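> So here's query.csv, just CSV, N, CA and C atoms and all ligand atoms:
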```
chain,number,residue,atom,x,y,z
C,1,MET,N,4.1,7.0,-177.2
C,1,MET,CA,3.0,6.1,-177.4
C,1,MET,C,2.0,6.8,-178.4
C,2,THR,N,1.5,5.9,-179.3
C,2,THR,CA,0.6,6.4,-180.3
C,2,THR,C,-0.8,6.4,-179.8
C,3,ASP,N,-1.5,7.5,-180.2
C,3,ASP,CA,-2.9,7.6,-179.8
C,3,ASP,C,-3.8,6.9,-180.9
C,4,THR,N,-4.4,5.9,-180.5
C,4,THR,CA,-5.3,5.1,-181.4
C,4,THR,C,-6.7,5.2,-181.1
C,5,SER,N,-7.1,6.2,-180.3
C,5,SER,CA,-8.5,6.3,-179.9
C,5,SER,C,-9.4,6.6,-181.1
C,6,PHE,N,-8.9,7.1,-182.2
C,6,PHE,CA,-9.7,7.3,-183.4
C,6,PHE,C,-10.0,6.0,-184.2
C,7,ALA,N,-9.2,5.0,-184.0
C,7,ALA,CA,-9.3,3.8,-184.8
C,7,ALA,C,-10.6,3.1,-184.6
C,8,GLN,N,-11.1,2.6,-185.7
C,8,GLN,CA,-12.4,1.9,-185.7
C,8,GLN,C,-12.1,0.4,-185.6
C,9,PRO,N,-12.7,-0.3,-184.7
C,9,PRO,CA,-12.5,-1.7,-184.6
C,9,PRO,C,-13.1,-2.4,-185.8
C,10,HIS,N,-12.6,-3.6,-186.2
C,10,HIS,CA,-13.2,-4.3,-187.3
C,10,HIS,C,-14.5,-4.9,-186.8
C,11,LYS,N,-15.4,-4.9,-187.7
C,11,LYS,CA,-16.7,-5.6,-187.4
C,11,LYS,C,-16.5,-7.1,-187.3
C,12,GLN,N,-17.0,-7.6,-186.2
C,12,GLN,CA,-16.9,-9.1,-186.1
C,12,GLN,C,-17.8,-9.8,-187.1
C,13,PRO,N,-17.3,-10.8,-187.7
C,13,PRO,CA,-18.1,-11.5,-188.7
C,13,PRO,C,-19.3,-12.2,-188.0
C,14,GLU,N,-20.5,-12.0,-188.7
C,14,GLU,CA,-21.7,-12.7,-188.2
C,14,GLU,C,-22.2,-13.6,-189.3
C,15,GLY,N,-22.4,-14.8,-189.0
C,15,GLY,CA,-23.0,-15.8,-189.9
C,15,GLY,C,-22.0,-16.3,-190.9
C,16,PHE,N,-22.4,-17.2,-191.7
C,16,PHE,CA,-21.6,-17.9,-192.7
C,16,PHE,C,-21.0,-17.0,-193.8
C,17,ARG,N,-21.9,-16.1,-194.3
C,17,ARG,CA,-21.5,-15.2,-195.4
C,17,ARG,C,-20.3,-14.3,-194.9
C,18,ASP,N,-20.5,-13.7,-193.7
C,18,ASP,CA,-19.4,-12.8,-193.2
C,18,ASP,C,-18.1,-13.6,-193.0
C,19,ARG,N,-18.2,-14.8,-192.4
C,19,ARG,CA,-17.0,-15.6,-192.2
C,19,ARG,C,-16.4,-16.0,-193.5
C,20,SER,N,-17.2,-16.4,-194.5
C,20,SER,CA,-16.6,-16.8,-195.8
C,20,SER,C,-16.0,-15.7,-196.5
C,21,ALA,N,-16.6,-14.5,-196.4
C,21,ALA,CA,-16.0,-13.3,-197.1
C,21,ALA,C,-14.7,-13.0,-196.4
C,22,ARG,N,-14.7,-13.0,-195.1
C,22,ARG,CA,-13.4,-12.6,-194.4
C,22,ARG,C,-12.3,-13.7,-194.7
C,23,ALA,N,-12.7,-14.9,-194.7
C,23,ALA,CA,-11.7,-16.0,-195.0
C,23,ALA,C,-11.1,-15.8,-196.4
C,24,LEU,N,-12.0,-15.5,-197.4
C,24,LEU,CA,-11.6,-15.3,-198.8
C,24,LEU,C,-10.6,-14.1,-198.9
C,25,VAL,N,-11.0,-13.0,-198.2
C,25,VAL,CA,-10.1,-11.8,-198.3
C,25,VAL,C,-8.7,-12.2,-197.7
C,26,LYS,N,-8.7,-12.8,-196.5
C,26,LYS,CA,-7.5,-13.2,-195.9
C,26,LYS,C,-6.6,-14.1,-196.8
C,27,PHE,N,-7.3,-15.1,-197.4
C,27,PHE,CA,-6.6,-16.0,-198.3
C,27,PHE,C,-6.0,-15.2,-199.5
C,28,MET,N,-6.8,-14.3,-200.1
C,28,MET,CA,-6.2,-13.6,-201.2
C,28,MET,C,-5.1,-12.6,-200.8
C,29,ARG,N,-5.3,-12.1,-199.6
C,29,ARG,CA,-4.3,-11.1,-199.1
C,29,ARG,C,-2.9,-11.8,-198.8
C,30,PHE,N,-3.0,-13.1,-198.5
C,30,PHE,CA,-1.8,-13.9,-198.3
C,30,PHE,C,-0.9,-13.8,-199.5
C,31,PHE,N,-1.5,-14.1,-200.7
C,31,PHE,CA,-0.8,-14.1,-201.9
C,31,PHE,C,-0.3,-12.7,-202.3
C,32,ALA,N,-1.1,-11.7,-202.1
C,32,ALA,CA,-0.7,-10.3,-202.4
C,32,ALA,C,0.5,-9.9,-201.5
C,33,ASP,N,0.4,-10.3,-200.2
C,33,ASP,CA,1.5,-9.9,-199.3
C,33,ASP,C,2.8,-10.7,-199.7
C,34,ALA,N,2.6,-12.0,-200.1
C,34,ALA,CA,3.8,-12.8,-200.5
C,34,ALA,C,4.4,-12.2,-201.8
C,35,PHE,N,3.6,-11.8,-202.8
C,35,PHE,CA,4.1,-11.3,-204.1
C,35,PHE,C,4.7,-9.9,-204.0
C,36,PHE,N,4.0,-9.0,-203.3
C,36,PHE,CA,4.4,-7.6,-203.2
C,36,PHE,C,5.4,-7.3,-202.1
C,37,SER,N,5.3,-8.1,-201.0
C,37,SER,CA,6.2,-7.8,-199.9
C,37,SER,C,6.1,-6.4,-199.5
C,38,LYS,N,7.2,-5.7,-199.5
C,38,LYS,CA,7.3,-4.2,-199.1
C,38,LYS,C,7.2,-3.3,-200.3
C,39,ARG,N,6.9,-3.8,-201.5
C,39,ARG,CA,6.8,-3.0,-202.7
C,39,ARG,C,5.4,-2.3,-202.8
C,40,TYR,N,5.2,-1.3,-202.0
C,40,TYR,CA,3.9,-0.7,-201.9
C,40,TYR,C,3.4,0.0,-203.1
C,41,GLY,N,4.4,0.5,-203.9
C,41,GLY,CA,4.0,1.1,-205.2
C,41,GLY,C,3.4,0.2,-206.1
C,42,HIS,N,4.0,-1.1,-206.2
C,42,HIS,CA,3.5,-2.1,-207.1
C,42,HIS,C,2.1,-2.5,-206.6
C,43,ARG,N,1.9,-2.7,-205.3
C,43,ARG,CA,0.6,-3.0,-204.8
C,43,ARG,C,-0.5,-2.0,-205.2
C,44,ALA,N,0.0,-0.7,-205.1
C,44,ALA,CA,-1.0,0.4,-205.4
C,44,ALA,C,-1.3,0.4,-206.9
C,45,VAL,N,-0.4,0.0,-207.8
C,45,VAL,CA,-0.7,-0.1,-209.2
C,45,VAL,C,-1.8,-1.1,-209.4
C,46,VAL,N,-1.7,-2.3,-208.8
C,46,VAL,CA,-2.7,-3.3,-209.0
C,46,VAL,C,-4.1,-2.8,-208.5
C,47,LEU,N,-4.1,-2.2,-207.3
C,47,LEU,CA,-5.3,-1.7,-206.7
C,47,LEU,C,-6.0,-0.6,-207.6
C,48,GLU,N,-5.1,0.3,-208.1
C,48,GLU,CA,-5.7,1.4,-208.9
C,48,GLU,C,-6.2,0.9,-210.3
C,49,THR,N,-5.5,-0.1,-210.8
C,49,THR,CA,-6.0,-0.7,-212.0
C,49,THR,C,-7.4,-1.3,-211.9
C,50,VAL,N,-7.6,-2.0,-210.8
C,50,VAL,CA,-8.9,-2.5,-210.5
C,50,VAL,C,-9.9,-1.4,-210.2
C,51,ALA,N,-9.5,-0.4,-209.4
C,51,ALA,CA,-10.4,0.7,-209.0
C,51,ALA,C,-10.9,1.5,-210.2
C,52,ALA,N,-10.2,1.5,-211.3
C,52,ALA,CA,-10.6,2.4,-212.4
C,52,ALA,C,-11.7,1.7,-213.2
C,53,VAL,N,-12.0,0.5,-213.0
C,53,VAL,CA,-13.0,-0.2,-213.8
C,53,VAL,C,-14.5,0.1,-213.4
C,54,PRO,N,-14.8,0.0,-212.1
C,54,PRO,CA,-16.3,0.1,-211.8
C,54,PRO,C,-16.9,1.4,-212.2
C,55,GLY,N,-16.2,2.6,-212.1
C,55,GLY,CA,-16.8,3.8,-212.5
C,55,GLY,C,-17.1,3.8,-214.0
C,56,MET,N,-16.2,3.3,-214.8
C,56,MET,CA,-16.4,3.3,-216.3
C,56,MET,C,-17.6,2.3,-216.6
C,57,VAL,N,-17.6,1.2,-216.0
C,57,VAL,CA,-18.7,0.2,-216.3
C,57,VAL,C,-20.0,0.8,-215.8
C,58,GLY,N,-20.0,1.4,-214.6
C,58,GLY,CA,-21.3,2.0,-214.1
C,58,GLY,C,-21.7,3.1,-215.0
C,59,GLY,N,-20.8,4.0,-215.4
C,59,GLY,CA,-21.2,5.1,-216.3
C,59,GLY,C,-21.8,4.6,-217.6
C,60,ALA,N,-21.1,3.5,-218.2
C,60,ALA,CA,-21.7,3.0,-219.5
C,60,ALA,C,-23.0,2.4,-219.2
C,61,LEU,N,-23.2,1.7,-218.1
C,61,LEU,CA,-24.5,1.1,-217.9
C,61,LEU,C,-25.6,2.2,-217.6
C,62,GLN,N,-25.2,3.2,-216.9
C,62,GLN,CA,-26.2,4.3,-216.7
C,62,GLN,C,-26.5,5.0,-218.0
C,63,HIS,N,-25.5,5.2,-218.9
C,63,HIS,CA,-25.8,5.7,-220.2
C,63,HIS,C,-26.8,4.9,-221.0
C,64,LEU,N,-26.5,3.6,-221.1
C,64,LEU,CA,-27.4,2.7,-221.8
C,64,LEU,C,-28.8,2.7,-221.2
C,65,ARG,N,-28.9,2.7,-219.9
C,65,ARG,CA,-30.2,2.7,-219.2
C,65,ARG,C,-31.0,4.0,-219.5
C,66,ALA,N,-30.3,5.1,-219.5
C,66,ALA,CA,-30.9,6.4,-219.8
C,66,ALA,C,-31.4,6.4,-221.3
C,67,LEU,N,-30.6,5.8,-222.2
C,67,LEU,CA,-31.1,5.7,-223.6
C,67,LEU,C,-32.3,4.8,-223.7
C,68,ARG,N,-32.2,3.7,-223.0
C,68,ARG,CA,-33.3,2.7,-223.1
C,68,ARG,C,-34.6,3.2,-222.6
C,69,ARG,N,-34.5,3.9,-221.4
C,69,ARG,CA,-35.7,4.4,-220.7
C,69,ARG,C,-36.1,5.8,-221.2
C,70,MET,N,-35.2,6.4,-222.0
C,70,MET,CA,-35.5,7.8,-222.5
C,70,MET,C,-35.8,8.7,-221.3
C,71,GLU,N,-34.9,8.6,-220.3
C,71,GLU,CA,-35.1,9.5,-219.2
C,71,GLU,C,-33.7,10.0,-218.7
C,72,SER,N,-33.7,11.0,-217.8
C,72,SER,CA,-32.5,11.6,-217.3
C,72,SER,C,-31.7,10.7,-216.5
C,73,ASP,N,-30.4,10.8,-216.5
C,73,ASP,CA,-29.5,10.0,-215.7
C,73,ASP,C,-29.3,10.7,-214.3
C,74,ARG,N,-29.8,11.9,-214.1
C,74,ARG,CA,-29.7,12.7,-212.9
C,74,ARG,C,-28.2,12.9,-212.6
C,75,GLY,N,-27.4,13.0,-213.6
C,75,GLY,CA,-26.0,13.4,-213.4
C,75,GLY,C,-25.0,12.2,-213.1
C,76,TRP,N,-25.6,11.0,-213.0
C,76,TRP,CA,-24.7,9.9,-212.6
C,76,TRP,C,-23.7,9.5,-213.6
C,77,ILE,N,-24.0,9.6,-214.9
C,77,ILE,CA,-23.0,9.2,-215.9
C,77,ILE,C,-21.7,10.0,-215.7
C,78,ARG,N,-21.8,11.3,-215.6
C,78,ARG,CA,-20.6,12.2,-215.5
C,78,ARG,C,-19.9,11.9,-214.2
C,79,VAL,N,-20.6,11.7,-213.1
C,79,VAL,CA,-20.0,11.4,-211.8
C,79,VAL,C,-19.2,10.1,-211.9
C,80,LEU,N,-19.8,9.0,-212.5
C,80,LEU,CA,-19.1,7.7,-212.5
C,80,LEU,C,-17.9,7.7,-213.4
C,81,ILE,N,-18.0,8.4,-214.6
C,81,ILE,CA,-16.9,8.5,-215.5
C,81,ILE,C,-15.8,9.4,-214.9
C,82,ASP,N,-16.1,10.4,-214.2
C,82,ASP,CA,-15.1,11.2,-213.5
C,82,ASP,C,-14.4,10.4,-212.5
C,83,GLU,N,-15.1,9.5,-211.8
C,83,GLU,CA,-14.4,8.7,-210.8
C,83,GLU,C,-13.5,7.7,-211.5
C,84,ALA,N,-13.9,7.2,-212.6
C,84,ALA,CA,-13.0,6.3,-213.4
C,84,ALA,C,-11.7,7.0,-213.8
C,85,GLU,N,-11.9,8.2,-214.3
C,85,GLU,CA,-10.7,9.0,-214.7
C,85,GLU,C,-9.8,9.3,-213.6
C,86,ASN,N,-10.4,9.7,-212.4
C,86,ASN,CA,-9.7,9.9,-211.2
C,86,ASN,C,-8.8,8.7,-210.9
C,87,GLU,N,-9.4,7.6,-210.9
C,87,GLU,CA,-8.6,6.3,-210.5
C,87,GLU,C,-7.6,6.1,-211.6
C,88,ARG,N,-7.8,6.4,-212.8
C,88,ARG,CA,-6.8,6.2,-213.9
C,88,ARG,C,-5.7,7.1,-213.7
C,89,MET,N,-5.9,8.3,-213.2
C,89,MET,CA,-4.8,9.3,-212.9
C,89,MET,C,-4.0,8.8,-211.7
C,90,HIS,N,-4.7,8.2,-210.7
C,90,HIS,CA,-3.9,7.6,-209.6
C,90,HIS,C,-3.0,6.5,-210.2
C,91,LEU,N,-3.5,5.7,-211.1
C,91,LEU,CA,-2.7,4.6,-211.7
C,91,LEU,C,-1.5,5.2,-212.4
C,92,MET,N,-1.7,6.2,-213.2
C,92,MET,CA,-0.6,6.8,-213.9
C,92,MET,C,0.5,7.3,-212.9
C,93,THR,N,0.1,7.9,-211.8
C,93,THR,CA,1.0,8.3,-210.8
C,93,THR,C,1.8,7.2,-210.3
C,94,PHE,N,1.1,6.1,-209.9
C,94,PHE,CA,1.9,4.9,-209.3
C,94,PHE,C,2.7,4.2,-210.3
C,95,ILE,N,2.3,4.2,-211.6
C,95,ILE,CA,3.2,3.7,-212.7
C,95,ILE,C,4.5,4.4,-212.7
C,96,GLU,N,4.5,5.7,-212.6
C,96,GLU,CA,5.7,6.5,-212.6
C,96,GLU,C,6.5,6.2,-211.3
C,97,ILE,N,5.9,5.9,-210.2
C,97,ILE,CA,6.6,5.7,-208.9
C,97,ILE,C,7.2,4.2,-209.0
C,98,ALA,N,6.4,3.3,-209.3
C,98,ALA,CA,6.8,1.9,-209.2
C,98,ALA,C,7.5,1.3,-210.4
C,99,LYS,N,7.3,1.9,-211.6
C,99,LYS,CA,7.9,1.4,-212.8
C,99,LYS,C,7.8,-0.1,-212.9
C,100,PRO,N,6.6,-0.7,-213.0
C,100,PRO,CA,6.5,-2.2,-213.1
C,100,PRO,C,7.1,-2.8,-214.3
C,101,THR,N,7.6,-4.0,-214.2
C,101,THR,CA,8.2,-4.7,-215.3
C,101,THR,C,7.1,-5.2,-216.2
C,102,TRP,N,7.5,-5.8,-217.4
C,102,TRP,CA,6.5,-6.3,-218.4
C,102,TRP,C,5.7,-7.4,-217.7
C,103,LEU,N,6.4,-8.3,-216.9
C,103,LEU,CA,5.7,-9.4,-216.3
C,103,LEU,C,4.7,-8.9,-215.3
C,104,GLU,N,5.0,-7.9,-214.5
C,104,GLU,CA,4.1,-7.3,-213.5
C,104,GLU,C,2.9,-6.6,-214.3
C,105,ARG,N,3.2,-6.0,-215.4
C,105,ARG,CA,2.1,-5.4,-216.2
C,105,ARG,C,1.2,-6.4,-216.7
C,106,LEU,N,1.7,-7.6,-217.1
C,106,LEU,CA,0.9,-8.7,-217.6
C,106,LEU,C,0.0,-9.2,-216.5
C,107,LEU,N,0.6,-9.4,-215.3
C,107,LEU,CA,-0.2,-9.9,-214.2
C,107,LEU,C,-1.3,-8.9,-213.9
C,108,ILE,N,-1.0,-7.6,-213.9
C,108,ILE,CA,-2.0,-6.6,-213.6
C,108,ILE,C,-3.2,-6.7,-214.6
C,109,LEU,N,-2.8,-6.8,-215.9
C,109,LEU,CA,-3.8,-6.9,-216.9
C,109,LEU,C,-4.7,-8.1,-216.7
C,110,LEU,N,-4.1,-9.3,-216.3
C,110,LEU,CA,-4.9,-10.5,-216.1
C,110,LEU,C,-5.9,-10.3,-214.9
C,111,ILE,N,-5.4,-9.6,-213.9
C,111,ILE,CA,-6.3,-9.4,-212.7
C,111,ILE,C,-7.4,-8.4,-213.1
C,112,ARG,N,-7.1,-7.4,-213.8
C,112,ARG,CA,-8.1,-6.4,-214.2
C,112,ARG,C,-9.1,-7.0,-215.2
C,113,GLN,N,-8.7,-7.9,-216.1
C,113,GLN,CA,-9.6,-8.5,-217.0
C,113,GLN,C,-10.5,-9.4,-216.3
C,114,ASP,N,-10.1,-10.2,-215.3
C,114,ASP,CA,-10.9,-11.1,-214.6
C,114,ASP,C,-11.9,-10.3,-213.7
C,115,GLU,N,-11.5,-9.2,-213.1
C,115,GLU,CA,-12.4,-8.4,-212.3
C,115,GLU,C,-13.5,-7.7,-213.2
C,116,ALA,N,-13.1,-7.3,-214.3
C,116,ALA,CA,-14.1,-6.6,-215.2
C,116,ALA,C,-15.1,-7.7,-215.7
C,117,LYS,N,-14.7,-8.9,-215.9
C,117,LYS,CA,-15.6,-9.9,-216.4
C,117,LYS,C,-16.6,-10.2,-215.3
C,118,HIS,N,-16.1,-10.3,-214.0
C,118,HIS,CA,-17.0,-10.6,-212.9
C,118,HIS,C,-18.0,-9.5,-212.7
C,119,ARG,N,-17.6,-8.3,-212.9
C,119,ARG,CA,-18.5,-7.1,-212.7
C,119,ARG,C,-19.6,-7.1,-213.8
C,120,ASP,N,-19.2,-7.4,-215.0
C,120,ASP,CA,-20.1,-7.5,-216.1
C,120,ASP,C,-21.2,-8.5,-215.8
C,121,VAL,N,-20.8,-9.7,-215.4
C,121,VAL,CA,-21.7,-10.8,-215.1
C,121,VAL,C,-22.6,-10.4,-214.0
C,122,ASN,N,-22.1,-9.8,-212.9
C,122,ASN,CA,-22.9,-9.4,-211.8
C,122,ASN,C,-23.9,-8.4,-212.2
C,123,HIS,N,-23.6,-7.4,-213.0
C,123,HIS,CA,-24.5,-6.4,-213.5
C,123,HIS,C,-25.6,-7.0,-214.3
C,124,GLN,N,-25.2,-7.9,-215.2
C,124,GLN,CA,-26.2,-8.6,-216.1
C,124,GLN,C,-27.2,-9.3,-215.2
C,125,PHE,N,-26.7,-10.1,-214.3
C,125,PHE,CA,-27.6,-10.9,-213.4
C,125,PHE,C,-28.5,-10.0,-212.6
C,126,ALA,N,-28.0,-8.9,-212.0
C,126,ALA,CA,-28.8,-7.9,-211.3
C,126,ALA,C,-29.9,-7.3,-212.1
C,127,ASN,N,-29.5,-6.9,-213.4
C,127,ASN,CA,-30.5,-6.3,-214.3
C,127,ASN,C,-31.6,-7.3,-214.6
C,128,GLU,N,-31.2,-8.6,-214.8
C,128,GLU,CA,-32.2,-9.6,-215.2
C,128,GLU,C,-33.2,-9.8,-214.0
C,129,LEU,N,-32.6,-9.8,-212.8
C,129,LEU,CA,-33.4,-10.0,-211.6
C,129,LEU,C,-34.4,-8.9,-211.4
C,130,ALA,N,-33.8,-7.6,-211.6
C,130,ALA,CA,-34.7,-6.4,-211.4
C,130,ALA,C,-35.8,-6.4,-212.5
C,131,SER,N,-35.5,-6.8,-213.7
C,131,SER,CA,-36.5,-6.7,-214.7
C,131,SER,C,-37.5,-8.0,-214.7
C,132,GLY,N,-37.2,-9.0,-213.9
C,132,GLY,CA,-38.0,-10.2,-213.9
C,132,GLY,C,-37.8,-11.1,-215.0
C,133,ARG,N,-36.7,-10.9,-215.8
C,133,ARG,CA,-36.4,-11.8,-216.9
C,133,ARG,C,-35.6,-13.0,-216.6
C,134,SER,N,-35.3,-13.2,-215.3
C,134,SER,CA,-34.4,-14.4,-215.0
C,134,SER,C,-35.1,-15.7,-215.1
I,1,FE,FE,-7.3,5.5,-206.4
```
Could you render the structure as structure tokens?
Ligand SMILES: [Fe+2]


Amino acid sequence: MTDTSFAQPHKQPEGFRDRSARALVKFMRFFADAFFSKRYGHRAVVLETVAAVPGMVGGALQHLRALRRMESDRGWIRVLIDEAENERMHLMTFIEIAKPTWLERLLILLIRQDEAKHRDVNHQFANELASGRS
């Protein structure tokens, strides 16, 4: 028998936003499960591709902010870019393990492109809200 006493239970969704987010994740997961099935290396390639983006975008934004405000970044640029590089190294490892086909590589690029676009729009919107320019 397996000891699962350390396992954390899932947070129960509260309100419309929680339920919508959970439903969306389950919906998207259905397609990932159907496409990847038991090919865990391929699934990891997709996840690592997406994971490598936020650190680089965040590092670039912190860099531009520090230049614009002429103030210290308090070390955040290096931390965020190191994180992006770390995730890129994970990607290189899983590329060697999974050896994705050109079609799978194309799909990964499309997913990454879409994710980066959304992150860019979200940052722009957040910056405009914070500066009161909206
Ligand atoms: Fe990773």

> Which is closer to ligand FE 1 (chain I) than all the others in C:Glu48, C:Glu104, C:Glu83, C:Glu71, using all atoms listed in the file?

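The answer is C:Glu48, which sits nearest to ligand FE 1 (chain I).
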
> List all protein, DNA and RNA residues that have an atom no more than 7 Å from any atom of ligand FE 1 (chain I), counting all atoms listed in the file, and report them as a PDB file with N, CA and C atoms, keeping the file's coordinate frame.


```
ATOM      1  N   LEU C  47      -4.100  -2.200-207.300  1.00  0.00           N
ATOM      2  CA  LEU C  47      -5.300  -1.700-206.700  1.00  0.00           C
ATOM      3  C   LEU C  47      -6.000  -0.600-207.600  1.00  0.00           C
ATOM      4  N   GLU C  48      -5.100   0.300-208.100  1.00  0.00           N
ATOM      5  CA  GLU C  48      -5.700   1.400-208.900  1.00  0.00           C
ATOM      6  C   GLU C  48      -6.200   0.900-210.300  1.00  0.00           C
ATOM      7  N   ALA C  51      -9.500  -0.400-209.400  1.00  0.00           N
ATOM      8  CA  ALA C  51     -10.400   0.700-209.000  1.00  0.00           C
ATOM      9  C   ALA C  51     -10.900   1.500-210.200  1.00  0.00           C
ATOM     10  N   ALA C  52     -10.200   1.500-211.300  1.00  0.00           N
ATOM     11  CA  ALA C  52     -10.600   2.400-212.400  1.00  0.00           C
ATOM     12  C   ALA C  52     -11.700   1.700-213.200  1.00  0.00           C
ATOM     13  N   ASN C  86     -10.400   9.700-212.400  1.00  0.00           N
ATOM     14  CA  ASN C  86      -9.700   9.900-211.200  1.00  0.00           C
ATOM     15  C   ASN C  86      -8.800   8.700-210.900  1.00  0.00           C
ATOM     16  N   GLU C  87      -9.400   7.600-210.900  1.00  0.00           N
ATOM     17  CA  GLU C  87      -8.600   6.300-210.500  1.00  0.00           C
ATOM     18  C   GLU C  87      -7.600   6.100-211.600  1.00  0.00           C
ATOM     19  N   ARG C  88      -7.800   6.400-212.800  1.00  0.00           N
ATOM     20  CA  ARG C  88      -6.800   6.200-213.900  1.00  0.00           C
ATOM     21  C   ARG C  88      -5.700   7.100-213.700  1.00  0.00           C
ATOM     22  N   HIS C  90      -4.700   8.200-210.700  1.00  0.00           N
ATOM     23  CA  HIS C  90      -3.900   7.600-209.600  1.00  0.00           C
ATOM     24  C   HIS C  90      -3.000   6.500-210.200  1.00  0.00           C
ATOM     25  N   LEU C  91      -3.500   5.700-211.100  1.00  0.00           N
ATOM     26  CA  LEU C  91      -2.700   4.600-211.700  1.00  0.00           C
ATOM     27  C   LEU C  91      -1.500   5.200-212.400  1.00  0.00           C
TER      28      LEU C  91
END
```

> Can you tell me, as a list in words, what residues are no more than 8 Å from His42 (chain C) when counting all atoms listed in the file, ignoring any on the same chain fewer than 2 positions away?

Phe36, Lys38, Arg39, Tyr40, Ala44, Val45, Val46, Leu47, Glu48, Phe94, Ile95, Ile97, Ala98, Lys99 and Pro100 of chain C

> Fewer than 6 positions away in the same chain doesn't count, so skip those; otherwise give me all residues within 9 Å of region 77-81 of chain C, counting only C-alpha atoms, as a PyMOL selection string.

chain C and resi 54-63

> Between CA of Ala32 (chain C) and atom N of His10 (chain C), what is the spacing in Å?

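Between atom N of His10 (chain C) and CA of Ala32 (chain C) the gap works out to 21.2 Å.
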
> Any idea what the distance is between atom C of Ile108 (chain C) and CA of Ser20 (chain C)?

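Between atom C of Ile108 (chain C) and CA of Ser20 (chain C) the gap is 25.2 Å.
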
> Do you have the CA of Thr49 (chain C)-CA of Arg112 (chain C) distance handy?

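Pair CA of Thr49 (chain C) / CA of Arg112 (chain C) returns 6.5 Å.
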
> Run DSSP on the backbone and tell me which residues of region 2-101 of chain C come out as helix (DSSP H, G or I); list them as a ChimeraX atom specification.

/C:15-36,40-69,76-98
